[in-house]
$ cat target.csv   # CSV, C-alpha atoms and all ligand atoms
chain,number,residue,atom,x,y,z
A,1,MET,CA,25.5,0.3,9.9
A,2,GLU,CA,24.7,-3.4,9.2
A,3,SER,CA,24.8,-4.6,5.6
A,4,SER,CA,24.8,-7.9,3.9
A,5,GLN,CA,25.7,-9.2,0.4
A,6,GLN,CA,23.7,-11.6,-1.8
A,7,PHE,CA,20.9,-11.3,0.7
A,8,PRO,CA,17.8,-13.5,0.0
A,9,LEU,CA,14.5,-11.5,0.0
A,10,GLN,CA,11.9,-14.3,0.0
A,11,MET,CA,11.1,-13.7,3.7
A,12,HIS,CA,11.0,-10.0,3.1
A,13,ASN,CA,8.1,-9.8,0.5
A,14,SER,CA,4.5,-10.8,1.3
A,15,PHE,CA,4.2,-12.4,-2.2
A,16,ASN,CA,6.8,-14.8,-1.0
A,17,VAL,CA,8.7,-14.9,-4.3
A,18,LYS,CA,12.4,-15.7,-4.6
A,19,ALA,CA,14.8,-12.8,-5.1
A,20,VAL,CA,18.3,-11.9,-4.1
A,21,CYS,CA,19.8,-8.4,-3.7
A,22,PRO,CA,23.4,-7.6,-4.3
A,23,THR,CA,23.6,-5.6,-1.1
A,24,ILE,CA,21.1,-4.7,1.6
A,25,TYR,CA,21.7,-1.8,4.0
A,26,PHE,CA,19.8,-1.9,7.3
A,27,LEU,CA,19.2,1.6,8.8
A,28,ASN,CA,18.6,1.1,12.5
A,29,ASN,CA,19.8,4.5,13.8
A,30,LEU,CA,19.7,7.9,12.3
A,31,SER,CA,23.5,8.0,12.3
A,32,ASP,CA,23.5,5.1,9.8
A,33,LEU,CA,22.1,7.5,7.2
A,34,GLU,CA,25.5,9.3,7.1
A,35,LEU,CA,27.2,6.0,6.4
A,36,LEU,CA,25.3,5.1,3.2
A,37,PRO,CA,27.4,5.0,0.1
A,38,ASP,CA,26.8,7.6,-2.7
A,39,LEU,CA,23.8,6.1,-4.4
A,40,ASN,CA,23.7,8.7,-7.2
A,41,ASP,CA,24.5,6.4,-10.1
A,42,CYS,CA,23.0,3.2,-8.6
A,43,ASN,CA,19.7,1.5,-8.9
A,44,PHE,CA,18.2,1.0,-5.5
A,45,TYR,CA,14.9,0.4,-3.8
A,46,ILE,CA,13.7,1.4,-0.3
A,47,LEU,CA,11.9,-1.6,1.2
A,48,GLY,CA,9.6,-1.4,4.2
A,49,ASP,CA,7.9,-4.7,5.2
A,50,GLY,CA,7.6,-5.7,1.6
A,51,THR,CA,3.8,-5.9,1.7
A,52,ASN,CA,3.2,-3.8,-1.4
A,53,THR,CA,6.2,-4.9,-3.5
A,54,LEU,CA,6.6,-7.5,-6.2
A,55,PHE,CA,10.1,-8.7,-7.0
A,56,VAL,CA,9.7,-9.4,-10.7
A,57,ASP,CA,13.2,-10.8,-11.4
A,58,GLN,CA,15.4,-13.3,-9.5
A,59,ASN,CA,17.7,-10.3,-8.8
A,60,THR,CA,16.9,-7.0,-7.4
A,61,PRO,CA,18.8,-3.7,-7.1
A,62,ILE,CA,20.5,-2.6,-3.9
A,63,ILE,CA,18.0,-2.6,-1.0
A,64,ILE,CA,17.8,0.0,1.7
A,65,LYS,CA,15.8,-1.1,4.7
A,66,PRO,CA,14.8,1.7,7.2
A,67,ASP,CA,14.2,0.2,10.6
A,68,PHE,CA,14.0,3.3,12.8
A,69,LYS,CA,12.0,2.5,16.0
A,70,GLY,CA,10.2,4.4,18.7
A,71,ILE,CA,6.8,5.8,19.5
A,72,GLU,CA,6.5,9.1,21.4
A,73,ILE,CA,3.2,10.5,22.6
A,74,ILE,CA,2.8,14.2,23.5
A,75,GLU,CA,-0.4,15.4,25.0
A,76,GLU,CA,-1.6,18.9,24.1
A,77,GLU,CA,-4.7,20.7,25.2
A,78,GLU,CA,-6.9,19.6,22.4
A,79,SER,CA,-5.0,16.9,20.7
A,80,TYR,CA,-2.3,14.2,20.9
A,81,ILE,CA,0.9,14.4,18.8
A,82,VAL,CA,2.3,11.0,18.1
A,83,ARG,CA,5.8,10.6,16.7
A,84,VAL,CA,6.6,7.2,15.2
A,85,GLY,CA,9.8,5.7,13.7
A,86,ALA,CA,9.4,4.5,10.1
A,87,GLY,CA,10.3,0.9,11.0
A,88,GLU,CA,7.4,0.5,13.5
A,89,ASN,CA,4.7,-1.9,12.4
A,90,TRP,CA,1.5,-0.2,11.3
A,91,HIS,CA,-1.1,-2.4,13.0
A,92,GLU,CA,0.9,-2.4,16.2
A,93,LEU,CA,0.8,1.5,16.1
A,94,VAL,CA,-3.0,1.4,15.6
A,95,LYS,CA,-3.3,-0.8,18.7
A,96,THR,CA,-0.9,1.3,20.8
A,97,CYS,CA,-2.9,4.5,20.0
A,98,LEU,CA,-6.2,2.9,21.0
A,99,ALA,CA,-4.6,1.5,24.2
A,100,ASN,CA,-3.6,5.0,25.1
A,101,GLY,CA,-7.0,6.5,24.4
A,102,ILE,CA,-5.9,8.1,21.1
A,103,TYR,CA,-8.5,7.6,18.4
A,104,GLY,CA,-8.6,8.0,14.6
A,105,LEU,CA,-6.6,5.1,13.1
A,106,GLU,CA,-9.1,2.4,14.1
A,107,ASN,CA,-10.5,2.2,10.5
A,108,LEU,CA,-6.9,1.5,9.3
A,109,ALA,CA,-6.5,-1.5,11.6
A,110,LEU,CA,-4.8,-4.7,10.2
A,111,ILE,CA,-3.2,-3.0,7.2
A,112,PRO,CA,0.1,-4.9,6.7
A,113,GLY,CA,3.3,-2.9,6.4
A,114,SER,CA,5.5,-0.4,8.2
A,115,VAL,CA,4.7,3.1,9.3
A,116,GLY,CA,7.4,4.6,7.0
A,117,ALA,CA,5.6,3.1,4.0
A,118,ALA,CA,2.2,4.5,4.9
A,119,PRO,CA,2.8,8.1,3.6
A,120,VAL,CA,4.4,6.8,0.3
A,121,GLN,CA,1.1,5.5,-1.0
A,122,ASN,CA,-1.2,7.3,1.5
A,123,ILE,CA,-2.7,4.0,2.7
A,124,GLY,CA,-6.4,4.1,3.1
A,125,ALA,CA,-9.3,1.8,4.1
A,126,TYR,CA,-12.9,2.0,5.3
A,127,GLY,CA,-13.3,5.7,4.6
A,128,VAL,CA,-10.1,6.9,6.3
A,129,GLU,CA,-6.7,7.8,4.8
A,130,PHE,CA,-3.3,8.2,6.3
A,131,ALA,CA,-3.3,11.8,5.2
A,132,ASP,CA,-6.3,12.5,7.5
A,133,PHE,CA,-4.1,12.4,10.6
A,134,CYS,CA,-0.6,13.2,9.2
A,135,LYS,CA,0.9,16.4,10.7
A,136,GLN,CA,4.3,16.0,9.1
A,137,VAL,CA,6.8,13.5,7.7
A,138,LYS,CA,10.5,13.6,8.6
A,139,TRP,CA,12.7,12.8,5.7
A,140,PHE,CA,16.4,12.5,5.1
A,141,GLU,CA,17.6,14.0,1.8
A,142,PHE,CA,20.5,12.1,0.2
A,143,LEU,CA,21.9,15.0,-1.9
A,144,THR,CA,22.4,17.4,1.1
A,145,ASN,CA,22.7,14.8,3.9
A,146,THR,CA,20.1,16.7,5.9
A,147,HIS,CA,16.9,16.0,7.7
A,148,LYS,CA,13.8,17.8,6.5
A,149,ASN,CA,10.2,18.2,7.8
A,150,LEU,CA,7.5,18.0,5.2
A,151,SER,CA,4.1,19.2,6.3
A,152,SER,CA,1.1,17.2,5.3
A,153,GLU,CA,0.2,19.7,2.6
A,154,ALA,CA,3.8,19.5,1.2
A,155,CYS,CA,3.4,15.7,0.9
A,156,ASN,CA,0.8,16.2,-1.8
A,157,PHE,CA,-1.4,13.3,-0.7
A,158,SER,CA,-4.0,11.9,-3.0
A,159,TYR,CA,-5.6,8.5,-3.6
A,160,ARG,CA,-2.7,6.0,-3.2
A,161,ASN,CA,-0.2,8.7,-4.1
A,162,SER,CA,2.2,11.3,-2.6
A,163,ILE,CA,5.2,13.4,-3.3
A,164,PHE,CA,7.4,10.4,-2.3
A,165,LYS,CA,6.2,8.6,-5.5
A,166,GLN,CA,6.7,11.8,-7.5
A,167,SER,CA,9.4,14.5,-7.2
A,168,LEU,CA,11.0,13.0,-4.1
A,169,TYR,CA,11.1,9.5,-5.5
A,170,ASN,CA,14.4,7.9,-4.3
A,171,LYS,CA,15.8,11.2,-3.3
A,172,GLY,CA,15.8,10.3,0.4
A,173,VAL,CA,14.3,8.1,3.2
A,174,ILE,CA,11.4,8.7,5.5
A,175,THR,CA,12.6,8.4,9.0
A,176,GLU,CA,9.6,9.4,11.2
A,177,VAL,CA,6.0,10.2,10.9
A,178,GLU,CA,4.2,12.7,13.1
A,179,PHE,CA,0.5,12.4,13.6
A,180,LYS,CA,-2.0,14.8,15.1
A,181,PHE,CA,-5.2,13.3,16.7
A,182,PRO,CA,-7.8,15.7,18.0
A,183,LYS,CA,-9.2,14.7,21.4
A,184,VAL,CA,-12.7,15.3,20.1
A,185,TRP,CA,-13.5,12.1,18.3
A,186,ARG,CA,-16.4,10.7,16.3
A,187,ALA,CA,-16.6,7.2,14.9
A,188,ASN,CA,-16.3,7.2,11.1
A,189,LEU,CA,-18.9,4.6,10.1
A,190,ALA,CA,-19.8,5.8,6.6
A,191,TYR,CA,-18.2,2.8,4.7
A,192,ALA,CA,-20.3,-0.2,3.8
A,193,GLY,CA,-20.0,-2.8,6.6
A,194,LEU,CA,-19.3,-0.3,9.3
A,195,ASN,CA,-22.7,1.4,9.0
A,196,GLU,CA,-24.3,-1.5,10.8
A,197,LEU,CA,-22.5,-0.5,14.0
A,198,ALA,CA,-24.3,1.7,16.6
A,199,LYS,CA,-23.6,5.4,16.2
A,200,ASN,CA,-22.1,5.5,19.7
A,201,SER,CA,-19.7,2.7,19.1
A,202,THR,CA,-16.3,3.0,20.8
A,203,ALA,CA,-13.0,3.2,18.8
A,204,GLU,CA,-12.3,-0.4,20.0
A,205,GLN,CA,-15.6,-1.6,18.6
A,206,VAL,CA,-14.8,0.1,15.3
A,207,MET,CA,-11.4,-1.5,15.2
A,208,ASN,CA,-12.7,-4.9,16.0
A,209,LYS,CA,-15.3,-4.6,13.2
A,210,VAL,CA,-12.7,-3.5,10.7
A,211,ILE,CA,-10.5,-6.4,11.7
A,212,SER,CA,-13.4,-8.9,11.2
A,213,LEU,CA,-14.4,-7.3,7.9
A,214,ARG,CA,-10.8,-7.6,6.6
A,215,GLN,CA,-10.4,-11.1,7.9
A,216,SER,CA,-13.6,-12.2,6.2
A,217,LYS,CA,-12.5,-10.8,2.8
A,218,LEU,CA,-8.8,-10.4,2.6
A,219,PRO,CA,-6.3,-13.3,2.8
A,220,ASP,CA,-3.7,-13.1,5.6
A,221,PRO,CA,-0.4,-12.8,3.8
A,222,LYS,CA,1.2,-15.0,6.5
A,223,VAL,CA,-1.1,-17.8,5.5
A,224,LEU,CA,-1.6,-17.1,1.7
A,225,ALA,CA,1.0,-15.0,0.0
A,226,ASN,CA,-0.4,-11.7,-1.4
A,227,ALA,CA,0.1,-7.9,-1.3
A,228,GLY,CA,-3.5,-6.7,-0.6
A,229,SER,CA,-5.2,-4.9,-3.5
A,230,PHE,CA,-3.0,-5.6,-6.5
A,231,PHE,CA,-4.7,-2.9,-8.6
A,232,LYS,CA,-5.9,0.6,-7.8
A,233,ASN,CA,-9.6,1.5,-8.2
A,234,PRO,CA,-9.6,3.4,-11.6
A,235,ILE,CA,-10.8,6.9,-11.7
A,236,ILE,CA,-12.9,7.7,-14.8
A,237,ALA,CA,-14.8,10.7,-16.2
A,238,GLN,CA,-18.4,11.1,-15.0
A,239,ALA,CA,-19.8,10.8,-18.5
A,240,GLU,CA,-18.1,7.4,-18.9
A,241,ALA,CA,-19.3,6.3,-15.5
A,242,GLU,CA,-22.9,7.2,-16.4
A,243,GLN,CA,-22.6,4.9,-19.5
A,244,LEU,CA,-21.2,2.1,-17.4
A,245,LYS,CA,-24.1,2.4,-14.9
A,246,LEU,CA,-26.6,2.1,-17.7
A,247,GLN,CA,-24.9,-1.0,-19.0
A,248,TYR,CA,-24.2,-2.5,-15.5
A,249,PRO,CA,-26.7,-1.1,-13.0
A,250,SER,CA,-25.0,-2.9,-10.0
A,251,ILE,CA,-21.5,-1.5,-10.6
A,252,PRO,CA,-20.2,0.2,-7.4
A,253,LEU,CA,-19.2,3.8,-8.2
A,254,TYR,CA,-17.8,6.4,-5.8
A,255,VAL,CA,-18.2,10.0,-6.9
A,256,GLN,CA,-14.9,11.9,-6.3
A,257,ASP,CA,-16.0,15.4,-7.5
A,258,ASP,CA,-18.1,16.9,-10.2
A,259,GLU,CA,-16.1,15.3,-13.0
A,260,GLN,CA,-14.5,12.2,-11.7
A,261,VAL,CA,-15.8,8.8,-10.4
A,262,LYS,CA,-13.9,6.0,-8.8
A,263,VAL,CA,-14.9,2.5,-10.0
A,264,ALA,CA,-14.5,-0.7,-7.8
A,265,ALA,CA,-11.8,-2.6,-9.7
A,266,GLY,CA,-12.7,-5.8,-7.7
A,267,TRP,CA,-16.2,-5.7,-9.2
A,268,LEU,CA,-14.8,-5.2,-12.7
A,269,ILE,CA,-12.4,-8.2,-12.3
A,270,GLU,CA,-15.1,-10.4,-10.7
A,271,HIS,CA,-17.6,-9.6,-13.5
A,272,ALA,CA,-15.0,-10.2,-16.1
A,273,GLY,CA,-15.3,-13.8,-14.8
A,274,LEU,CA,-11.9,-13.9,-13.0
A,275,ARG,CA,-12.7,-14.2,-9.3
A,276,GLY,CA,-11.1,-17.5,-8.1
A,277,PHE,CA,-9.2,-17.9,-11.4
A,278,GLN,CA,-6.0,-20.0,-10.9
A,279,LYS,CA,-3.1,-20.9,-13.2
A,280,ASN,CA,0.4,-22.1,-12.6
A,281,GLY,CA,0.2,-21.8,-8.8
A,282,VAL,CA,-1.0,-18.2,-8.7
A,283,GLY,CA,-4.5,-16.7,-8.9
A,284,VAL,CA,-7.2,-14.2,-8.3
A,285,HIS,CA,-8.5,-14.4,-4.7
A,286,LYS,CA,-11.8,-16.3,-4.2
A,287,ARG,CA,-13.4,-13.6,-2.0
A,288,GLN,CA,-11.8,-10.3,-3.1
A,289,ALA,CA,-10.9,-10.2,-6.8
A,290,LEU,CA,-8.7,-7.2,-6.4
A,291,VAL,CA,-6.2,-9.4,-4.6
A,292,LEU,CA,-3.8,-11.6,-6.5
A,293,VAL,CA,-2.5,-14.5,-4.5
A,294,ASN,CA,0.5,-16.8,-4.8
A,295,TYR,CA,-0.5,-20.3,-3.9
A,296,GLU,CA,2.7,-22.2,-4.7
A,297,ASN,CA,4.9,-20.4,-7.1
A,298,ASP,CA,8.1,-18.7,-6.3
A,299,SER,CA,8.5,-16.5,-9.4
A,300,GLY,CA,7.4,-12.9,-9.6
A,301,GLN,CA,7.1,-13.4,-13.4
A,302,GLU,CA,4.2,-15.7,-12.9
A,303,ILE,CA,2.3,-13.0,-11.0
A,304,ILE,CA,3.1,-10.5,-13.7
A,305,ARG,CA,1.7,-12.9,-16.3
A,306,LEU,CA,-1.5,-13.2,-14.3
A,307,ALA,CA,-1.8,-9.5,-13.7
A,308,LYS,CA,-1.3,-8.7,-17.4
A,309,TYR,CA,-4.1,-11.2,-18.2
A,310,VAL,CA,-6.4,-9.7,-15.7
A,311,GLN,CA,-5.7,-6.2,-17.0
A,312,GLN,CA,-6.3,-7.3,-20.6
A,313,LYS,CA,-9.6,-9.0,-19.8
A,314,VAL,CA,-10.9,-5.9,-17.9
A,315,LEU,CA,-9.8,-3.6,-20.7
A,316,ALA,CA,-11.5,-5.8,-23.4
A,317,LYS,CA,-14.7,-6.0,-21.5
A,318,TYR,CA,-15.1,-2.4,-20.1
A,319,LYS,CA,-12.5,-0.3,-22.0
A,320,ILE,CA,-11.0,0.6,-18.6
A,321,LEU,CA,-7.3,0.3,-18.0
A,322,ILE,CA,-6.6,-0.8,-14.4
A,323,SER,CA,-3.1,-0.2,-13.1
A,324,PRO,CA,-1.3,-1.8,-10.2
A,325,GLU,CA,-1.0,-0.4,-6.8
A,326,VAL,CA,1.8,-2.9,-6.0
A,327,ARG,CA,5.4,-1.7,-6.9
A,328,MET,CA,7.2,-3.6,-9.5
A,329,ILE,CA,10.9,-4.2,-8.8
A,330,THR,CA,13.3,-5.6,-11.4
A,331,GLU,CA,17.0,-5.9,-11.3
A,332,GLN,CA,17.2,-2.4,-12.8
A,333,GLY,CA,15.1,-0.9,-10.1
A,334,GLU,CA,11.4,0.1,-10.1
A,335,GLN,CA,9.6,-0.3,-13.4
A,336,ASN,CA,6.2,0.7,-14.8
A,337,PHE,CA,3.9,-2.2,-15.2
A,338,ALA,CA,3.3,-1.3,-18.8
A,339,ASP,CA,7.0,-1.6,-19.6
A,340,LEU,CA,7.3,-5.1,-18.2
A,341,VAL,CA,7.6,-7.7,-20.9
A,342,ILE,CA,6.5,-11.3,-20.2
A,343,ASP,CA,8.0,-14.2,-22.0
A,344,LYS,CA,4.6,-15.9,-22.7
A,345,GLU,CA,1.0,-14.8,-22.3
A,346,TYR,CA,-1.8,-17.2,-21.3
A,347,ILE,CA,-3.6,-18.6,-24.3
A,401,LIG,N1,-16.4,-6.0,-5.1
A,401,LIG,C1,-16.9,-7.0,-5.9
A,401,LIG,N2,-16.1,-8.1,-6.2
A,401,LIG,C2,-14.9,-8.3,-5.6
A,401,LIG,C3,-14.4,-7.3,-4.8
A,401,LIG,C4,-15.1,-6.1,-4.6
A,401,LIG,O1,-18.0,-6.9,-6.5
A,401,LIG,O2,-14.3,-9.3,-5.8
A,401,LIG,C5,-17.2,-4.9,-4.8
A,401,LIG,C6,-17.7,-4.9,-3.4
A,401,LIG,O3,-18.8,-5.7,-3.2
A,401,LIG,C7,-17.9,-3.4,-3.1
A,401,LIG,C8,-16.9,-2.7,-3.9
A,401,LIG,O4,-16.5,-3.7,-4.9
A,401,LIG,O5,-19.2,-3.0,-3.5
A,401,LIG,C9,-15.7,-2.3,-3.1
A,401,LIG,O6,-15.1,-3.4,-2.5
A,401,LIG,P1,-14.3,-3.3,-1.1
A,401,LIG,O7,-15.2,-2.5,-0.1
A,401,LIG,O8,-13.9,-4.6,-0.7
A,401,LIG,O9,-13.1,-2.3,-1.4
A,401,LIG,P2,-12.1,-2.2,-2.6
A,401,LIG,O10,-12.5,-0.9,-3.3
A,401,LIG,O11,-12.1,-3.4,-3.4
A,401,LIG,C10,-10.5,-0.7,-1.2
A,401,LIG,C11,-9.0,-0.6,-0.9
A,401,LIG,C12,-8.6,-1.7,0.1
A,401,LIG,C13,-9.4,-1.4,1.4
A,401,LIG,C14,-10.9,-1.4,1.0
A,401,LIG,C15,-11.8,-1.1,2.2
A,401,LIG,C16,-7.9,0.1,-3.0
A,401,LIG,C17,-7.1,-0.3,-4.2
A,401,LIG,N3,-8.2,-0.9,-2.2
A,401,LIG,O12,-10.7,-1.9,-1.8
A,401,LIG,O13,-7.3,-1.6,0.4
A,401,LIG,O14,-9.2,-2.3,2.4
A,401,LIG,O15,-11.2,-0.5,-0.1
A,401,LIG,O16,-11.7,0.3,2.4
A,401,LIG,O17,-8.3,1.2,-2.9
A,401,LIG,C18,-5.1,-2.4,-0.1
A,401,LIG,O18,-4.8,-1.3,-0.6
A,401,LIG,O19,-4.3,-3.3,-0.2
A,401,LIG,C19,-6.4,-2.7,0.4
A,401,LIG,C20,-6.8,-3.9,0.8
$ encode --input "target.csv" --output "structure tokens"
Amino acid sequence: MESSQQFPLQMHNSFNVKAVCPTIYFLNNLSDLELLPDLNDCNFYILGDGTNTLFVDQNTPIIIKPDFKGIEIIEEEESYIVRVGAGENWHELVKTCLANGIYGLENLALIPGSVGAAPVQNIGAYGVEFADFCKQVKWFEFLTNTHKNLSSEACNFSYRNSIFKQSLYNKGVITEVEFKFPKVWRANLAYAGLNELAKNSTAEQVMNKVISLRQSKLPDPKVLANAGSFFKNPIIAQAEAEQLKLQYPSIPLYVQDDEQVKVAAGWLIEHAGLRGFQKNGVGVHKRQALVLVNYENDSGQEIIRLAKYVQQKVLAKYKILISPEVRMITEQGEQNFADLVIDKEYI
């Protein structure tokens, strides 16, 4: 197993902040898993492509970097089974599927990150979620040194959440994801922006539309450092949502069920007057207020300061607490955003 000490992570996080880890372990083969030291009493963080991670401090805990490769396609009578190593790139997978006539992931095109990270936060965009096509997740358990298969139901997927953030948190590593794509396919065009496509659009046309929508709103992390949506869309009670709608008739609301409603956090941030806000080299993106960007700062602390400011302004205006989707990594390991202390607030 490859490993390295005092390893710089600036090239391994899409916020492009400076951080150094004491040791990084690269898992290239399944046999490397057996060689990992006992991590029972250590702080560590499992890092994919670093596109949903913020290194808050200059130092991080031990980093484990799964890089298992391989895509295997199995054709069944009515569906395709696709097995993918956790270290494969998500967007490349979407393109490979489409090139092989396997449809379903086109709405999830251009999402940055690795395949192994996709189940952790159940990535989703344009009306489709990872969970919709997940058959099972292969996972290596540290305690027993064994490989387990978790069915989609066992993964407990919900909006930007899964068992890997809950009871299985840091208890093992995702090694492979298995998808099931039915051969009978219909374009999913329900989301705003896609509904202008013709009903009989091909999966390639849907993918190209998703790519152009994303490119028109979301900054490319290779050009402008960011981690996509910084906050999750908050889910509030229906009665609260009705009040908000009376006060702000144009607010985008998405009914979840009889009791709960999802609110577009980007709208809340924009209408709190923060779209395009910039300070100390970081800011709220000009076109999508849910995205925080790092123009020219190399400290994670500065992004936290901005995020706390945004959270406070939204809370003060709407009495809604928005919480980050991005994972906060300090020297002690992952922390709750609420527990992070900043040295100085904006005045
Ligand atoms: N909006 C504003 N101002 C803004 C941003 C958004 O008014 O600055 C409004 C939009 O006009 C729209 C609504 O808010 O009416 C929703 O906006 P959008 O369709 O851009 O989606 P979102 O809810 O802001 C979510 C995901 C994105 C995903 C898009 C498209 C989360 C946290 N984010 O964003 O995922 O691409 O939907 O499906 O759920 C990511 O997770 O990194 C990510 C980019």
$ closest_residue --input "target.csv" --among "A:Val291, A:Met11, A:Leu197, A:Ile236" --to "ligand LIG 401 (chain A)" --atoms "all atoms listed in the file"
A:Val291
$ closest_residue --input "target.csv" --among "A:Lys180, A:Arg305, A:Lys138, A:Lys18" --to "Glu78 in chain A" --atoms "all atoms listed in the file"
A:Lys180
$ residues_near_ligand --input "target.csv" --ligand "ligand LIG 401 (chain A)" --cutoff "8 Å" --atoms "all atoms listed in the file" --output "VMD selection string"
chain A and resid 52 111 123 to 128 159 to 160 191 to 192 214 217 to 218 227 to 233 251 to 252 263 to 271 275 285 to 291 325
$ closest_atom_pairs --input "target.csv" --of "range 239-261 of chain A" --to "range 313-324 of chain A" --cutoff "12 Å" --atoms "all atoms listed in the file" --output "tab-separated table"
residue	atom	partner	partner_atom	distance
A:Glu240	CA	A:Ile320	CA	9.8
A:Ala241	CA	A:Ile320	CA	10.5
A:Gln243	CA	A:Tyr318	CA	10.5
A:Leu244	CA	A:Tyr318	CA	8.0
A:Lys245	CA	A:Tyr318	CA	11.4
A:Gln247	CA	A:Tyr318	CA	10.0
A:Tyr248	CA	A:Tyr318	CA	10.2
A:Ile251	CA	A:Tyr318	CA	11.5
$ closest_residue --input "target.csv" --among "A:Asp220, A:Glu331, A:Glu242, A:Asp67" --to "Ser14 in chain A" --atoms "only C-alpha atoms"
A:Asp220
$ closest_atom_pairs --input "target.csv" --of "range 40-110 of chain A" --to "range 334-345 of chain A" --cutoff "12 Å" --atoms "all atoms listed in the file" --output "Markdown table"
| residue | atom | partner | partner_atom | distance |
| --- | --- | --- | --- | --- |
| A:Asn43 | CA | A:Glu334 | CA | 8.5 |
| A:Phe44 | CA | A:Glu334 | CA | 8.3 |
| A:Tyr45 | CA | A:Glu334 | CA | 7.2 |
| A:Ile46 | CA | A:Glu334 | CA | 10.1 |
| A:Leu47 | CA | A:Glu334 | CA | 11.4 |
| A:Thr53 | CA | A:Glu334 | CA | 9.8 |
| A:Leu54 | CA | A:Glu334 | CA | 9.8 |
| A:Phe55 | CA | A:Glu334 | CA | 9.4 |
| A:Val56 | CA | A:Leu340 | CA | 9.0 |
| A:Asp57 | CA | A:Leu340 | CA | 10.7 |
| A:Thr60 | CA | A:Glu334 | CA | 9.4 |
| A:Pro61 | CA | A:Glu334 | CA | 8.8 |
| A:Ile62 | CA | A:Glu334 | CA | 11.3 |
| A:Ile63 | CA | A:Glu334 | CA | 11.6 |
$ write_last_selection --input "target.csv" --atoms "C-alpha atoms" --output "PDB file, keeping the file's coordinate frame"
ATOM      1  CA  ASN A  43      19.700   1.500  -8.900  1.00  0.00           C
ATOM      2  CA  PHE A  44      18.200   1.000  -5.500  1.00  0.00           C
ATOM      3  CA  TYR A  45      14.900   0.400  -3.800  1.00  0.00           C
ATOM      4  CA  ILE A  46      13.700   1.400  -0.300  1.00  0.00           C
ATOM      5  CA  LEU A  47      11.900  -1.600   1.200  1.00  0.00           C
ATOM      6  CA  THR A  53       6.200  -4.900  -3.500  1.00  0.00           C
ATOM      7  CA  LEU A  54       6.600  -7.500  -6.200  1.00  0.00           C
ATOM      8  CA  PHE A  55      10.100  -8.700  -7.000  1.00  0.00           C
ATOM      9  CA  VAL A  56       9.700  -9.400 -10.700  1.00  0.00           C
ATOM     10  CA  ASP A  57      13.200 -10.800 -11.400  1.00  0.00           C
ATOM     11  CA  THR A  60      16.900  -7.000  -7.400  1.00  0.00           C
ATOM     12  CA  PRO A  61      18.800  -3.700  -7.100  1.00  0.00           C
ATOM     13  CA  ILE A  62      20.500  -2.600  -3.900  1.00  0.00           C
ATOM     14  CA  ILE A  63      18.000  -2.600  -1.000  1.00  0.00           C
TER      15      ILE A  63
END
$ atom_distance --input "target.csv" --atom1 "CA of Ala307 in chain A" --atom2 "CA of Pro119 in chain A"
25.1 Å
$ closest_residue --input "target.csv" --among "A:Pro112, A:Gly50, A:Gln58, A:Ala198" --to "Val20 in chain A" --atoms "all atoms listed in the file"
A:Gln58
$ atom_distance --input "target.csv" --atom1 "CA of Glu176 in chain A" --atom2 "CA of Glu72 in chain A"
10.7 Å
$ closest_residue --input "target.csv" --among "A:Asn59, A:Ser162, A:Asn188, A:Gln312" --to "Ile329 in chain A" --atoms "all atoms listed in the file"
A:Asn59
$ residues_around --input "target.csv" --residues "Arg186 in chain A" --least-positions-apart "4" --cutoff "10 Å" --atoms "all atoms listed in the file" --output "PyMOL selection string"
chain A and resi 103-104+199-203
$ atom_distance --input "target.csv" --atom1 "CA of Gly300 in chain A" --atom2 "CA of Tyr346 in chain A"
15.5 Å
$ residues_around --input "target.csv" --residues "Thr51 in chain A" --least-positions-apart "5" --cutoff "10 Å" --atoms "only C-alpha atoms" --output "VMD selection string"
chain A and resid 12 to 16 111 to 114 117 221 225 to 228 326 to 327
$ residues_near_point --input "target.csv" --point "(9.0, 4.4, 1.8)" --cutoff "10 Å" --atoms "all atoms listed in the file" --output "PyMOL selection string"
chain A and resi 45-49+64-66+86-87+114-121+139+164-165+169-170+172-175
$ residues_around --input "target.csv" --residues "Met207 in chain A" --least-positions-apart "4" --cutoff "7 Å" --atoms "only C-alpha atoms" --output "MDAnalysis selection string"
chainID A and resid 106:107 109 203 211
$ closest_residue --input "target.csv" --among "A:Asn294, A:Gln6, A:Cys21, A:Leu168" --to "Thr330 in chain A" --atoms "only C-alpha atoms"
A:Cys21
$ residues_around --input "target.csv" --residues "Leu306 in chain A" --least-positions-apart "5" --cutoff "8 Å" --atoms "all atoms listed in the file" --output "PyMOL selection string"
chain A and resi 279+282-283
